[in-house]
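Participant: Here you go, start.txt (compact mmCIF, C-alpha atoms):
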# COMPACT_ATOMS: atom_id res chain seq x y z
CA MET R 3 80.16 104.76 69.17
CA ASP R 4 77.27 105.42 66.84
CA PRO R 5 74.82 107.62 68.80
CA ALA R 6 71.94 106.20 66.78
CA LYS R 7 72.78 102.64 67.90
CA GLY R 8 73.77 103.44 71.49
CA PRO R 9 76.82 102.07 73.30
CA GLN R 10 78.43 98.79 72.29
CA LEU R 11 76.99 95.83 74.18
CA LEU R 12 78.97 95.09 77.39
CA SER R 13 81.12 98.23 77.04
CA PHE R 14 81.60 100.42 80.10
CA ASP R 15 79.03 102.86 78.73
CA ASP R 16 76.54 100.04 78.29
CA CYS R 17 77.17 98.47 81.70
CA PHE R 18 77.10 101.73 83.63
CA GLY R 19 74.00 102.79 81.73
CA ARG R 20 72.25 99.58 82.78
CA VAL R 21 73.37 99.95 86.41
CA PHE R 22 72.14 103.54 86.61
CA ALA R 23 68.89 102.61 84.84
CA GLU R 24 68.25 100.11 87.66
CA GLY R 25 68.40 102.98 90.14
CA VAL R 26 71.93 102.53 91.50
CA THR R 27 73.35 105.94 92.36
CA ARG R 28 76.86 107.10 91.49
CA GLY R 29 77.62 107.30 95.22
CA ALA R 30 76.51 103.71 95.82
CA LEU R 31 78.59 102.51 92.86
CA HIS R 32 81.60 104.46 94.15
CA ASP R 33 81.24 102.96 97.64
CA ALA R 34 80.94 99.45 96.22
CA ALA R 35 84.04 99.93 94.05
CA ARG R 36 86.06 101.23 97.01
CA HIS R 37 85.41 98.00 98.89
CA LEU R 38 86.32 95.61 96.06
CA SER R 39 89.06 93.10 96.59
CA ILE R 40 90.74 92.02 93.37
CA ASP R 41 93.15 89.09 93.37
CA LEU R 42 95.42 87.97 90.58
CA VAL R 43 94.77 84.34 89.69
CA LEU R 44 97.09 82.45 87.36
CA THR R 45 96.03 79.04 86.20
CA ALA R 46 97.79 76.54 84.00
CA HIS R 47 96.88 73.82 81.60
CA PRO R 48 97.85 70.46 83.09
CA THR R 49 100.86 70.14 80.79
CA GLU R 50 104.28 70.46 82.39
CA VAL R 51 105.51 73.28 80.14
CA LEU R 52 102.63 75.57 81.06
CA ARG R 53 102.85 74.62 84.73
CA ARG R 54 106.52 75.68 84.78
CA THR R 55 105.55 78.93 83.07
CA VAL R 56 103.00 79.70 85.78
CA LEU R 57 105.51 78.83 88.53
CA HIS R 58 108.01 81.19 86.89
CA LYS R 59 105.37 83.95 86.80
CA HIS R 60 104.55 83.39 90.48
CA ARG R 61 108.26 83.63 91.37
CA ARG R 62 108.67 86.80 89.30
CA ILE R 63 105.63 88.43 90.93
CA ALA R 64 107.02 87.53 94.38
CA GLU R 65 110.39 89.07 93.44
CA VAL R 66 108.75 92.29 92.28
CA LEU R 67 106.54 92.56 95.37
CA ALA R 68 109.18 91.55 97.96
CA PRO R 69 110.74 95.02 98.37
CA TRP R 70 107.31 96.58 98.86
CA ARG R 71 106.25 93.95 101.42
CA ASP R 72 109.52 94.24 103.34
CA ARG R 73 109.61 98.05 103.41
CA ASP R 74 110.00 99.67 106.81
CA SER R 75 106.93 101.88 106.36
CA ALA R 76 104.53 98.93 105.95
CA THR R 77 102.08 98.63 108.81
CA PRO R 78 101.73 95.28 110.60
CA ASP R 79 98.33 94.78 108.92
CA GLU R 80 99.86 95.42 105.47
CA LYS R 81 102.64 92.93 106.13
CA LEU R 82 100.16 90.25 107.28
CA LYS R 83 97.85 90.91 104.32
CA ASP R 84 100.69 90.25 101.88
CA LEU R 85 101.57 86.82 103.26
In structure tokens, write the structure found in this file.

Facilitator:
Amino acid sequence: MDPAKGPQLLSFDDCFGRVFAEGVTRGALHDAARHLSIDLVLTAHPTEVLRRTVLHKHRRIAEVLAPWRDRDSATPDEKLKDL
């Protein structure tokens, strides 16, 4: 980063600088981030090859997550959330 030019447009430094300049406090930003829900979304081009690739990725993700979802220490809410 060139201090004379400021942060690169749309970088974290730029975005956070803009948010704080609008009066959002660090505490408010922290609280908002803690309540975010981020979901993985895989989309495919309508061609069959790509569709099969996405289906394979979905199956692989399910295989990786299955042991975590089925663990004995998962709460009922955690198990329902993962369905």

Participant: Could you tell me how far CA of Asp33 in chain R sits from CA of Asp16 in chain R, in Å to one decimal place?

Facilitator: 20.1 Å

Participant: Would you place a box with edges along x, y and z of the file around all atoms of range 61-68 of chain R listed there, add 6 Å to each of its six sides, and report the centre and edge lengths in Å to one decimal, as JSON?

Facilitator:
{"center_x": 108.0, "center_y": 88.1, "center_z": 93.6, "size_x": 16.8, "size_y": 20.9, "size_z": 20.7}

Participant: Report, in Å to a single decimal, how far apart CA of Leu38 in chain R and CA of Ala68 in chain R are.

Facilitator: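 Interatomic distance here is 23.3 Å.
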
Participant: Quick check, in Å to one decimal: how far apart do CA of Pro78 in chain R and CA of Ser39 in chain R lie?

Facilitator: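 That distance, rounded to one decimal, is 19.0 Å.
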
Participant: I'd like the neighbourhood of Val21 in chain R as a VMD selection string, where a residue qualifies if any of its atoms comes within 12 Å (using all atoms listed in the file), though same-chain residues fewer than 5 positions away should be ignored.

Facilitator: chain R and resid 12 14 to 16 26 to 28 30 to 31
